[in-house]
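Text of start_2.tsv (TSV, C-alpha atoms) as supplied:
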chain	number	residue	atom	x	y	z
A	1261	MET	CA	15.63	13.41	-23.73
A	1262	SER	CA	16.29	11.75	-27.07
A	1263	LEU	CA	13.78	9.08	-28.02
A	1264	THR	CA	13.50	6.04	-30.25
A	1265	LEU	CA	10.17	4.67	-31.40
A	1266	ARG	CA	9.60	1.06	-32.40
A	1267	THR	CA	6.98	-1.71	-32.49
A	1268	ILE	CA	6.71	-3.49	-29.13
A	1269	SER	CA	5.05	-6.69	-27.95
A	1270	ARG	CA	1.62	-6.71	-26.33
A	1271	GLU	CA	3.27	-7.91	-23.11
A	1272	GLN	CA	5.58	-4.87	-23.01
A	1273	HIS	CA	2.65	-2.59	-23.79
A	1274	LEU	CA	0.46	-4.09	-21.05
A	1275	ALA	CA	3.26	-4.01	-18.46
A	1276	TYR	CA	3.76	-0.30	-19.16
A	1277	ILE	CA	0.01	0.46	-18.82
A	1278	GLN	CA	-0.06	-1.49	-15.55
A	1279	SER	CA	2.77	0.68	-14.19
A	1280	LEU	CA	0.66	3.85	-14.61
A	1281	PRO	CA	-2.00	5.25	-12.25
A	1282	ALA	CA	-4.49	5.07	-15.18
A	1283	ALA	CA	-4.86	5.13	-18.97
A	1284	SER	CA	-7.74	5.02	-21.44
A	1285	HIS	CA	-9.41	1.64	-21.93
A	1286	MET	CA	-8.92	2.26	-25.66
A	1287	GLN	CA	-5.16	2.18	-25.23
A	1288	VAL	CA	-4.85	-1.25	-23.60
A	1289	PRO	CA	-3.52	-3.95	-25.97
A	1290	ALA	CA	-6.78	-5.97	-25.77
A	1291	TRP	CA	-8.74	-3.09	-27.30
A	1292	ALA	CA	-7.24	-4.22	-30.63
A	1293	ASP	CA	-9.16	-7.52	-30.26
A	1294	VAL	CA	-12.38	-5.63	-29.55
A	1295	LYS	CA	-11.86	-3.69	-32.81
A	1296	ALA	CA	-11.30	-6.86	-34.81
A	1297	GLU	CA	-12.08	-5.19	-38.16
A	1298	TRP	CA	-8.99	-2.96	-37.79
A	1299	ARG	CA	-5.37	-4.08	-38.10
A	1300	SER	CA	-3.36	-3.03	-35.04
A	1301	GLU	CA	0.14	-2.28	-33.83
A	1302	ASN	CA	1.67	-1.57	-30.41
A	1303	LEU	CA	4.15	1.30	-30.42
A	1304	GLY	CA	6.74	2.07	-27.75
A	1305	TRP	CA	8.88	5.15	-27.11
A	1306	PHE	CA	12.27	4.45	-25.50
A	1307	ASP	CA	14.60	6.83	-23.69
A	1308	ASP	CA	17.92	6.53	-25.57
A	1309	ARG	CA	20.00	7.16	-22.44
A	1310	THR	CA	18.47	4.47	-20.24
A	1311	GLY	CA	16.79	2.20	-22.81
A	1312	GLU	CA	13.65	2.48	-20.68
A	1313	LEU	CA	10.14	2.33	-22.16
A	1314	VAL	CA	8.61	5.79	-21.50
A	1315	GLY	CA	5.43	5.83	-23.61
A	1316	VAL	CA	3.10	3.53	-25.58
A	1317	GLY	CA	0.40	3.78	-28.22
A	1318	LEU	CA	-2.19	1.39	-29.63
A	1319	VAL	CA	-2.62	2.14	-33.34
A	1320	LEU	CA	-5.62	0.85	-35.26
A	1321	TYR	CA	-5.31	0.73	-39.04
A	1322	ARG	CA	-8.38	0.87	-41.26
A	1323	GLN	CA	-7.85	0.21	-44.98
A	1324	LEU	CA	-9.32	2.56	-47.56
A	1325	PRO	CA	-11.72	0.84	-49.97
A	1326	LYS	CA	-9.91	-0.55	-53.04
A	1327	ILE	CA	-6.38	0.67	-52.19
A	1328	LYS	CA	-3.63	-0.49	-49.85
A	1329	ARG	CA	-3.49	2.71	-47.81
A	1330	TYR	CA	-4.65	3.17	-44.25
A	1331	LEU	CA	-6.13	5.56	-41.77
A	1332	ALA	CA	-4.05	5.18	-38.58
A	1333	TYR	CA	-6.08	5.88	-35.44
A	1334	LEU	CA	-4.92	6.18	-31.83
A	1335	PRO	CA	-8.16	6.48	-29.82
A	1336	GLU	CA	-7.61	8.50	-26.63
A	1337	GLY	CA	-3.88	8.12	-27.18
A	1338	PRO	CA	-0.97	7.80	-27.46
A	1339	VAL	CA	-0.01	7.37	-23.79
A	1340	ILE	CA	2.97	9.71	-23.67
A	1341	ASN	CA	4.12	12.76	-21.70
A	1342	TRP	CA	1.89	15.31	-23.42
A	1343	PHE	CA	3.35	18.18	-21.41
A	1344	ALA	CA	6.95	17.39	-22.42
A	1345	PRO	CA	8.71	20.54	-23.67
A	1346	ASN	CA	9.99	18.51	-26.66
A	1347	LEU	CA	6.57	17.23	-27.80
A	1348	GLN	CA	7.78	17.30	-31.41
A	1349	GLU	CA	10.40	14.64	-30.61
A	1350	TRP	CA	7.60	12.31	-29.48
A	1351	ILE	CA	5.21	12.99	-32.36
A	1352	GLU	CA	7.49	13.23	-35.42
A	1353	PRO	CA	8.98	9.70	-35.20
A	1354	MET	CA	5.42	8.40	-34.82
A	1355	LEU	CA	4.31	10.14	-38.04
A	1356	ALA	CA	7.38	8.85	-39.91
A	1357	HIS	CA	6.71	5.31	-38.70
A	1358	LEU	CA	3.00	5.38	-39.58
A	1359	LYS	CA	3.78	6.75	-43.05
A	1360	GLN	CA	6.16	3.81	-43.58
A	1361	GLN	CA	3.32	1.48	-42.58
A	1362	GLY	CA	1.18	2.84	-45.44
A	1363	ALA	CA	-0.92	5.38	-43.52
A	1364	PHE	CA	-2.27	8.29	-45.56
A	1365	SER	CA	-3.77	10.02	-42.53
A	1366	VAL	CA	-3.35	9.86	-38.75
A	1367	LYS	CA	-6.03	10.57	-36.17
A	1368	MET	CA	-5.31	10.75	-32.45
A	1369	GLY	CA	-7.04	11.89	-29.28
A	1370	PRO	CA	-4.63	13.38	-26.76
A	1371	PRO	CA	-5.90	12.35	-23.28
A	1372	VAL	CA	-5.46	15.93	-22.08
A	1373	ILE	CA	-8.21	17.82	-20.22
A	1374	ILE	CA	-8.45	21.58	-20.92
A	1375	ARG	CA	-11.33	22.69	-18.68
A	1376	ARG	CA	-13.61	21.45	-15.93
A	1377	TRP	CA	-16.98	22.79	-14.77
A	1378	ASN	CA	-18.48	21.82	-11.40
A	1379	ALA	CA	-22.09	20.64	-11.20
A	1380	GLU	CA	-23.14	23.85	-9.40
A	1381	THR	CA	-21.71	26.01	-12.19
A	1382	ILE	CA	-23.53	23.93	-14.83
A	1383	LYS	CA	-26.84	24.21	-12.93
A	1384	ARG	CA	-26.48	27.99	-12.89
A	1385	GLY	CA	-25.76	27.90	-16.62
A	1386	ILE	CA	-28.89	25.84	-17.32
A	1387	GLN	CA	-30.98	28.47	-15.51
A	1388	ASP	CA	-29.38	31.37	-17.40
A	1389	PRO	CA	-31.22	32.03	-20.72
A	1390	ASP	CA	-28.06	33.60	-22.21
A	1391	VAL	CA	-26.03	30.43	-21.70
A	1392	LYS	CA	-26.47	27.91	-24.51
A	1393	ARG	CA	-23.28	25.83	-24.22
A	1394	LEU	CA	-20.72	24.78	-21.63
A	1395	ARG	CA	-18.23	27.04	-23.39
A	1396	ASP	CA	-20.37	30.07	-22.53
A	1397	LEU	CA	-19.69	29.38	-18.84
A	1398	GLU	CA	-16.53	30.34	-17.04
A	1399	ALA	CA	-14.72	27.10	-16.18
A	1400	ASP	CA	-13.91	26.23	-12.57
A	1401	PHE	CA	-10.57	24.81	-13.64
A	1402	ILE	CA	-8.39	25.55	-16.67
A	1403	GLU	CA	-5.20	23.68	-17.61
A	1404	PRO	CA	-2.93	26.30	-19.26
A	1405	ARG	CA	-0.50	23.62	-20.48
A	1406	ALA	CA	-3.31	22.10	-22.61
A	1407	PHE	CA	-3.41	25.27	-24.73
A	1408	GLU	CA	0.35	24.98	-25.26
A	1409	VAL	CA	-0.12	21.39	-26.46
A	1410	ALA	CA	-2.79	22.57	-28.94
A	1411	ASP	CA	-0.47	25.35	-30.21
A	1412	LYS	CA	2.41	22.92	-30.68
A	1413	LEU	CA	0.19	20.47	-32.60
A	1414	ARG	CA	-1.07	23.23	-34.90
A	1415	ARG	CA	2.47	24.37	-35.60
A	1416	MET	CA	3.42	20.79	-36.50
A	1417	GLY	CA	0.58	20.70	-39.06
A	1418	TRP	CA	-2.10	18.84	-37.11
A	1419	GLN	CA	-5.66	19.90	-37.87
A	1420	GLN	CA	-8.86	19.93	-35.92
A	1421	GLY	CA	-12.31	19.96	-37.51
A	1422	GLU	CA	-15.13	22.08	-36.12
A	1423	ASP	CA	-16.48	19.08	-34.23
A	1424	GLY	CA	-13.04	17.99	-33.10
A	1425	GLY	CA	-11.96	16.17	-36.26
A	1426	ALA	CA	-13.23	14.31	-39.30
A	1427	GLY	CA	-15.48	11.47	-38.20
A	1428	PHE	CA	-14.20	8.00	-39.01
A	1429	GLY	CA	-14.88	4.90	-36.96
A	1430	ASP	CA	-15.44	5.53	-33.28
A	1431	VAL	CA	-14.96	9.25	-32.82
A	1432	GLN	CA	-14.62	9.77	-29.08
A	1433	PRO	CA	-16.55	12.34	-27.05
A	1434	ARG	CA	-14.84	15.66	-26.43
A	1435	TYR	CA	-16.97	16.41	-23.36
A	1436	VAL	CA	-17.37	13.85	-20.59
A	1437	PHE	CA	-18.85	13.83	-17.10
A	1438	GLN	CA	-16.75	12.56	-14.19
A	1439	VAL	CA	-17.21	12.06	-10.46
A	1440	PRO	CA	-13.85	12.57	-8.70
A	1441	LEU	CA	-13.30	10.02	-5.91
A	1442	ALA	CA	-9.72	10.68	-4.77
A	1443	ASN	CA	-9.41	11.98	-1.19
A	1444	ARG	CA	-13.19	11.94	-0.68
A	1445	SER	CA	-15.36	9.78	1.54
A	1446	LEU	CA	-18.35	7.91	0.11
A	1447	GLU	CA	-20.58	10.00	2.40
A	1448	GLU	CA	-19.17	13.14	0.78
A	1449	VAL	CA	-19.83	11.76	-2.71
A	1450	HIS	CA	-23.41	10.82	-1.77
A	1451	LYS	CA	-24.00	14.24	-0.16
A	1452	ASN	CA	-22.94	15.87	-3.42
A	1453	PHE	CA	-25.73	14.14	-5.36
A	1454	ASN	CA	-28.67	16.43	-5.98
A	1455	GLN	CA	-31.92	15.93	-4.08
A	1456	LEU	CA	-33.60	14.09	-6.94
A	1457	TRP	CA	-30.77	11.54	-7.18
A	1458	ARG	CA	-30.74	10.95	-3.42
A	1459	ARG	CA	-34.52	10.60	-3.42
A	1460	ASN	CA	-34.43	8.16	-6.34
A	1461	ILE	CA	-31.73	6.01	-4.71
A	1462	LYS	CA	-33.90	5.84	-1.58
A	1463	LYS	CA	-37.01	5.06	-3.64
A	1464	ALA	CA	-35.23	2.13	-5.35
A	1465	GLU	CA	-34.04	0.78	-1.99
A	1466	LYS	CA	-37.53	1.01	-0.53
A	1467	ALA	CA	-39.06	-0.74	-3.54
A	1468	GLY	CA	-36.54	-3.59	-3.13
A	1469	VAL	CA	-34.52	-3.01	-6.31
A	1470	GLU	CA	-31.41	-5.19	-6.17
A	1471	VAL	CA	-28.28	-4.62	-8.20
A	1472	VAL	CA	-26.28	-7.69	-9.18
A	1473	GLN	CA	-23.22	-8.43	-11.26
A	1474	GLY	CA	-23.59	-10.62	-14.34
A	1475	GLY	CA	-21.13	-12.61	-16.45
A	1476	TYR	CA	-20.55	-13.66	-20.06
A	1477	ASP	CA	-23.67	-15.87	-20.06
A	1478	ASP	CA	-25.83	-12.87	-19.16
A	1479	LEU	CA	-24.84	-10.87	-22.23
A	1480	PRO	CA	-27.95	-11.95	-24.24
A	1481	GLU	CA	-30.09	-10.48	-21.43
A	1482	TRP	CA	-27.97	-7.30	-21.59
A	1483	GLN	CA	-28.58	-7.22	-25.36
A	1484	ARG	CA	-32.35	-7.48	-24.89
A	1485	LEU	CA	-32.41	-4.34	-22.70
A	1486	TYR	CA	-29.89	-2.55	-24.92
A	1487	GLU	CA	-32.01	-3.12	-28.04
A	1488	ILE	CA	-35.13	-1.79	-26.25
A	1489	THR	CA	-33.06	1.33	-25.43
A	1490	ALA	CA	-31.88	1.66	-29.05
A	1491	VAL	CA	-35.47	1.71	-30.33
A	1492	ARG	CA	-36.52	4.25	-27.70
A	1493	ASP	CA	-33.51	6.55	-28.18
A	1494	HIS	CA	-33.23	6.15	-31.98
A	1495	PHE	CA	-29.69	4.81	-32.35
A	1496	ARG	CA	-28.29	1.78	-34.14
A	1497	PRO	CA	-27.33	-0.87	-31.57
A	1498	ARG	CA	-24.12	-2.86	-31.71
A	1499	PRO	CA	-24.65	-6.63	-32.17
A	1500	LEU	CA	-24.41	-9.09	-29.29
A	1501	SER	CA	-21.20	-10.48	-30.83
A	1502	TYR	CA	-19.51	-7.09	-30.20
A	1503	PHE	CA	-20.14	-7.28	-26.44
A	1504	GLN	CA	-19.16	-10.96	-26.33
A	1505	ARG	CA	-15.89	-10.12	-28.08
A	1506	MET	CA	-15.36	-7.15	-25.76
A	1507	TRP	CA	-15.93	-9.31	-22.66
A	1508	THR	CA	-13.63	-12.10	-23.85
A	1509	ALA	CA	-10.85	-9.80	-25.07
A	1510	LEU	CA	-10.76	-7.40	-22.13
A	1511	ASN	CA	-11.21	-9.97	-19.36
A	1512	SER	CA	-8.62	-12.37	-20.74
A	1513	GLU	CA	-6.13	-9.48	-20.50
A	1514	ASP	CA	-7.22	-8.63	-16.95
A	1515	PRO	CA	-10.01	-10.59	-15.23
A	1516	ASN	CA	-11.37	-7.36	-13.74
A	1517	ARG	CA	-11.24	-5.17	-16.86
A	1518	MET	CA	-14.96	-5.34	-17.73
A	1519	ARG	CA	-18.01	-5.86	-15.53
A	1520	LEU	CA	-21.72	-6.21	-16.21
A	1521	TYR	CA	-24.43	-4.97	-13.82
A	1522	PHE	CA	-28.20	-5.50	-13.69
A	1523	ALA	CA	-30.80	-3.66	-11.63
A	1524	ARG	CA	-33.68	-6.06	-10.82
A	1525	HIS	CA	-37.10	-5.70	-9.31
A	1526	ASN	CA	-39.21	-8.75	-8.39
A	1527	GLY	CA	-36.79	-10.93	-10.36
A	1528	VAL	CA	-37.13	-8.86	-13.57
A	1529	ASN	CA	-34.09	-7.05	-15.02
A	1530	LEU	CA	-35.05	-3.43	-15.62
A	1531	ALA	CA	-31.66	-1.81	-16.33
A	1532	ALA	CA	-28.14	-2.91	-17.17
A	1533	ALA	CA	-24.71	-1.35	-17.64
A	1534	THR	CA	-21.15	-2.26	-18.55
A	1535	MET	CA	-18.22	-0.99	-16.52
A	1536	LEU	CA	-14.55	-0.79	-17.58
A	1537	ILE	CA	-11.56	-0.55	-15.25
A	1538	VAL	CA	-7.98	0.52	-16.02
A	1539	GLY	CA	-5.95	1.34	-12.93
A	1540	GLY	CA	-7.67	4.10	-10.98
A	1541	HIS	CA	-9.97	5.12	-13.84
A	1542	VAL	CA	-13.40	3.45	-13.95
A	1543	TRP	CA	-15.90	4.05	-16.76
A	1544	TYR	CA	-19.61	3.48	-17.02
A	1545	SER	CA	-19.41	2.61	-20.71
A	1546	TYR	CA	-22.78	1.35	-22.01
A	1547	GLY	CA	-26.18	1.64	-20.35
A	1548	ALA	CA	-29.57	0.10	-21.12
A	1549	SER	CA	-33.03	0.10	-19.57
A	1550	ASP	CA	-36.49	-1.31	-20.18
A	1551	ASN	CA	-39.56	0.85	-20.83
A	1552	ILE	CA	-41.22	-0.69	-17.80
A	1553	GLY	CA	-40.45	-0.31	-14.11
A	1554	ARG	CA	-39.01	3.18	-14.38
A	1555	GLU	CA	-40.94	4.32	-11.34
A	1556	VAL	CA	-38.70	2.18	-9.06
A	1557	ARG	CA	-35.61	4.07	-10.35
A	1558	PRO	CA	-33.40	1.12	-11.35
A	1559	SER	CA	-30.82	3.29	-13.17
A	1560	ASN	CA	-30.10	5.45	-10.12
A	1561	ALA	CA	-29.73	2.36	-7.91
A	1562	MET	CA	-27.36	0.77	-10.43
A	1563	GLN	CA	-25.17	3.87	-10.80
A	1564	TRP	CA	-24.88	4.22	-7.03
A	1565	ARG	CA	-23.81	0.58	-6.71
A	1566	MET	CA	-21.27	0.93	-9.55
A	1567	LEU	CA	-19.89	4.09	-8.03
A	1568	ARG	CA	-19.51	2.38	-4.64
A	1569	ASP	CA	-17.78	-0.59	-6.30
A	1570	ALA	CA	-15.43	1.78	-8.15
A	1571	TYR	CA	-14.65	3.43	-4.83
A	1572	ALA	CA	-13.96	0.04	-3.21
A	1573	LEU	CA	-11.52	-0.72	-6.05
A	1574	GLY	CA	-9.58	2.41	-5.08
A	1575	ALA	CA	-10.63	4.36	-8.19
A	1576	THR	CA	-9.71	8.04	-8.35
A	1577	VAL	CA	-12.43	8.85	-10.87
A	1578	TYR	CA	-15.80	7.39	-11.89
A	1579	ASP	CA	-16.32	8.39	-15.49
A	1580	LEU	CA	-19.85	8.63	-16.92
A	1581	ARG	CA	-18.41	9.17	-20.43
A	1582	GLY	CA	-19.85	11.42	-23.11
A	1583	ILE	CA	-22.17	14.39	-22.84
A	1584	SER	CA	-23.09	17.06	-25.35
A	1585	ASP	CA	-21.93	20.58	-24.48
A	1586	SER	CA	-25.46	21.92	-25.01
A	1587	LEU	CA	-27.21	23.44	-21.99
A	1588	ASP	CA	-30.32	24.23	-24.00
A	1589	GLU	CA	-33.34	22.38	-22.56
A	1590	THR	CA	-34.88	21.98	-26.04
A	1591	ASP	CA	-31.82	20.06	-27.28
A	1592	HIS	CA	-32.53	16.31	-27.62
A	1593	LEU	CA	-29.22	15.50	-25.85
A	1594	PHE	CA	-29.97	17.76	-22.88
A	1595	GLY	CA	-31.44	14.90	-20.81
A	1596	LEU	CA	-28.03	13.19	-20.77
A	1597	ILE	CA	-26.20	16.08	-19.12
A	1598	GLN	CA	-29.14	16.67	-16.78
A	1599	PHE	CA	-29.02	13.05	-15.56
A	1600	LYS	CA	-25.23	13.10	-15.08
A	1601	VAL	CA	-25.08	16.55	-13.42
A	1602	GLY	CA	-27.27	15.07	-10.67
A	1603	THR	CA	-24.24	13.05	-9.47
A	1604	GLY	CA	-22.58	16.30	-8.38
A	1605	GLY	CA	-19.44	15.60	-10.45
A	1606	GLN	CA	-17.72	17.69	-13.09
A	1607	ALA	CA	-17.97	18.16	-16.83
A	1608	ALA	CA	-14.54	17.90	-18.45
A	1609	GLU	CA	-13.47	19.04	-21.90
A	1610	TYR	CA	-10.68	17.12	-23.63
A	1611	LEU	CA	-8.40	18.54	-26.28
A	1612	GLY	CA	-10.48	16.67	-28.87
A	1613	GLU	CA	-9.32	14.57	-31.81
A	1614	TRP	CA	-6.66	15.76	-34.24
A	1615	ASP	CA	-5.82	14.74	-37.81
A	1616	PHE	CA	-2.55	14.77	-39.69
A	1617	PRO	CA	-2.92	14.28	-43.46
A	1618	LEU	CA	0.20	12.42	-44.63
A	1619	ASN	CA	-1.31	12.37	-48.12
A	1620	LYS	CA	-3.51	15.45	-48.57
A	1621	LEU	CA	-5.33	14.12	-51.61
A	1622	LEU	CA	-6.38	10.82	-49.99
A	1623	HIS	CA	-7.22	12.61	-46.74
A	1624	LYS	CA	-9.55	14.94	-48.65
A	1625	ALA	CA	-11.10	11.99	-50.49
A	1626	LEU	CA	-11.78	10.30	-47.13
A	1627	ASP	CA	-13.42	13.46	-45.81
A	1628	ILE	CA	-15.74	13.61	-48.80
A	1629	TYR	CA	-16.50	9.87	-48.59
A	1630	MET	CA	-17.35	10.15	-44.88
A	1631	SER	CA	-19.53	13.23	-45.29
A	1632	ARG	CA	-21.68	11.37	-47.86
A	1633	ARG	CA	-22.26	8.31	-45.65
Translate this structure into structure tokens?
Amino acid sequence: MSLTLRTISREQHLAYIQSLPAASHMQVPAWADVKAEWRSENLGWFDDRTGELVGVGLVLYRQLPKIKRYLAYLPEGPVINWFAPNLQEWIEPMLAHLKQQGAFSVKMGPPVIIRRWNAETIKRGIQDPDVKRLRDLEADFIEPRAFEVADKLRRMGWQQGEDGGAGFGDVQPRYVFQVPLANRSLEEVHKNFNQLWRRNIKKAEKAGVEVVQGGYDDLPEWQRLYEITAVRDHFRPRPLSYFQRMWTALNSEDPNRMRLYFARHNGVNLAAATMLIVGGHVWYSYGASDNIGREVRPSNAMQWRMLRDAYALGATVYDLRGISDSLDETDHLFGLIQFKVGTGGQAAEYLGEWDFPLNKLLHKALDIYMSRR
């Protein structure tokens, strides 16, 4: 297949995404409006024989301080046929185009999964003192074609840092936790939860925890819980304006792209979460909870409701997003994987983020600048 790459309209881009079973929420055109501090461009790959649009990419451009050169970033993209035998013919025109646009370096995150580990396997790993990381465990599923993709990228000159690439902007998680929903009944999904999760869901029901959906006007209340969480978990929270922009941008593109949930007890909101929907892929994207009321298990109740809603939407996967690959109980991120493993889903490892230095000197300078921040 011979291909031509060119800038396309947002409408063309969106129509293509809507024709797919799923794609990353960071590759929908509206994501450019969420990332307002980046310049953006919609790219399309066309089949020369038929003139048909066969792939798209959302590129975000971030300018380097003081000079008119850019980092070009395709988060969890581009949306192309990654297993095509002629991968070079997809990637090379993209690099040439981005160079023309003034990019000195390109970062992308192929949405390709290499390995999956089932919850049972992970639990065994946690109990084994010799196992420190997911990688130390034999995977339950391996995608051999993913290794071919990695080899092809390396041969083309793409690089991968130790942590999956030089950090700039929103570096996406390499390991995620997902609950597969396709061809399964809700009873089956619930049965796969561990005892603690099932008990906590029951406890929340008994205590009268109710889970409700909120709207744009409830975002300040979301922010209140999110900022409590940020203090407790020692991270820097995003401002309210970010979530307001996210809501407006994503839901004006598709009225069901982003949802907001609250878990309440006696009229008090104890936990909240945002949910994103693109085709059959549903993400739990941000979560927040108060320091009070934990004994009534609001977070478990909320996740179970979100999962049921995802199922009702016909989702094939409920994605709990990032985890660390550490299975060491002393690791401060261990609690995250422990909580998510309780859903009985799978840990998945993506190919990670890759960099292509179009200008080696500026790319190096960026690396040094970022490491000092």
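Among the candidates A:Trp1482, A:Ile1488, A:Pro1499, A:Asp1293, the residue lying nearest to Phe1522 (chain A) is A:Trp1482 (atoms considered: all atoms listed in the file).
The two atoms in question, CA of Asn1516 (chain A) and CA of Ile1277 (chain A), are spaced 14.7 Å apart.
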In Å, with one decimal, what is the gap from CA of Leu1303 (chain A) to CA of Thr1267 (chain A)?
-> 4.6 Å
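Counting all atoms listed in the file and comparing A:Tyr1629, A:Trp1457, A:Phe1437, A:Tyr1610, the residue that lies closest to Tyr1544 (chain A) is A:Phe1437.
When all atoms listed in the file are used to compute distances to Gly1605 (chain A), the closest of the residues A:Glu1312, A:Asp1579, A:Glu1403, A:Asp1550 turns out to be A:Asp1579.
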Export region 1350-1363 of chain A, N, CA, C and O atoms, as a PDB file, in the first residue's frame; it's the structure right above.
ATOM      1  N   TRP A1350       4.625   4.310   6.875  1.00  0.00           N
ATOM      2  CA  TRP A1350       3.693   5.113   7.674  1.00  0.00           C
ATOM      3  C   TRP A1350       4.467   6.183   8.456  1.00  0.00           C
ATOM      4  O   TRP A1350       4.036   7.316   8.561  1.00  0.00           O
ATOM      5  N   ILE A1351       5.621   5.765   9.006  1.00  0.00           N
ATOM      6  CA  ILE A1351       6.341   6.623   9.957  1.00  0.00           C
ATOM      7  C   ILE A1351       7.211   7.681   9.265  1.00  0.00           C
ATOM      8  O   ILE A1351       7.281   8.825   9.712  1.00  0.00           O
ATOM      9  N   GLU A1352       7.870   7.303   8.162  1.00  0.00           N
ATOM     10  CA  GLU A1352       8.826   8.242   7.548  1.00  0.00           C
ATOM     11  C   GLU A1352       8.183   9.522   7.013  1.00  0.00           C
ATOM     12  O   GLU A1352       8.701  10.610   7.241  1.00  0.00           O
ATOM     13  N   PRO A1353       7.019   9.422   6.323  1.00  0.00           N
ATOM     14  CA  PRO A1353       6.388  10.684   5.888  1.00  0.00           C
ATOM     15  C   PRO A1353       5.975  11.566   7.069  1.00  0.00           C
ATOM     16  O   PRO A1353       5.995  12.790   6.972  1.00  0.00           O
ATOM     17  N   MET A1354       5.637  10.918   8.187  1.00  0.00           N
ATOM     18  CA  MET A1354       5.260  11.688   9.385  1.00  0.00           C
ATOM     19  C   MET A1354       6.473  12.481   9.891  1.00  0.00           C
ATOM     20  O   MET A1354       6.369  13.672  10.196  1.00  0.00           O
ATOM     21  N   LEU A1355       7.628  11.822   9.970  1.00  0.00           N
ATOM     22  CA  LEU A1355       8.843  12.510  10.437  1.00  0.00           C
ATOM     23  C   LEU A1355       9.207  13.666   9.505  1.00  0.00           C
ATOM     24  O   LEU A1355       9.556  14.755   9.955  1.00  0.00           O
ATOM     25  N   ALA A1356       9.099  13.426   8.193  1.00  0.00           N
ATOM     26  CA  ALA A1356       9.438  14.477   7.215  1.00  0.00           C
ATOM     27  C   ALA A1356       8.500  15.675   7.389  1.00  0.00           C
ATOM     28  O   ALA A1356       8.938  16.831   7.388  1.00  0.00           O
ATOM     29  N   HIS A1357       7.227  15.380   7.581  1.00  0.00           N
ATOM     30  CA  HIS A1357       6.229  16.445   7.748  1.00  0.00           C
ATOM     31  C   HIS A1357       6.490  17.239   9.031  1.00  0.00           C
ATOM     32  O   HIS A1357       6.444  18.475   9.027  1.00  0.00           O
ATOM     33  N   LEU A1358       6.761  16.535  10.122  1.00  0.00           N
ATOM     34  CA  LEU A1358       6.958  17.219  11.408  1.00  0.00           C
ATOM     35  C   LEU A1358       8.228  18.067  11.392  1.00  0.00           C
ATOM     36  O   LEU A1358       8.278  19.138  11.994  1.00  0.00           O
ATOM     37  N   LYS A1359       9.231  17.587  10.668  1.00  0.00           N
ATOM     38  CA  LYS A1359      10.485  18.357  10.537  1.00  0.00           C
ATOM     39  C   LYS A1359      10.189  19.674   9.809  1.00  0.00           C
ATOM     40  O   LYS A1359      10.658  20.741  10.210  1.00  0.00           O
ATOM     41  N   GLN A1360       9.397  19.569   8.758  1.00  0.00           N
ATOM     42  CA  GLN A1360       8.993  20.760   7.990  1.00  0.00           C
ATOM     43  C   GLN A1360       8.249  21.761   8.861  1.00  0.00           C
ATOM     44  O   GLN A1360       8.317  22.965   8.646  1.00  0.00           O
ATOM     45  N   GLN A1361       7.517  21.248   9.838  1.00  0.00           N
ATOM     46  CA  GLN A1361       6.734  22.102  10.737  1.00  0.00           C
ATOM     47  C   GLN A1361       7.599  22.742  11.825  1.00  0.00           C
ATOM     48  O   GLN A1361       7.081  23.446  12.695  1.00  0.00           O
ATOM     49  N   GLY A1362       8.901  22.438  11.826  1.00  0.00           N
ATOM     50  CA  GLY A1362       9.796  23.056  12.809  1.00  0.00           C
ATOM     51  C   GLY A1362      10.066  22.201  14.039  1.00  0.00           C
ATOM     52  O   GLY A1362      10.579  22.688  15.048  1.00  0.00           O
ATOM     53  N   ALA A1363       9.710  20.912  13.974  1.00  0.00           N
ATOM     54  CA  ALA A1363       9.970  20.036  15.130  1.00  0.00           C
ATOM     55  C   ALA A1363      11.445  19.660  15.176  1.00  0.00           C
ATOM     56  O   ALA A1363      12.049  19.362  14.145  1.00  0.00           O
TER      57      ALA A1363
END
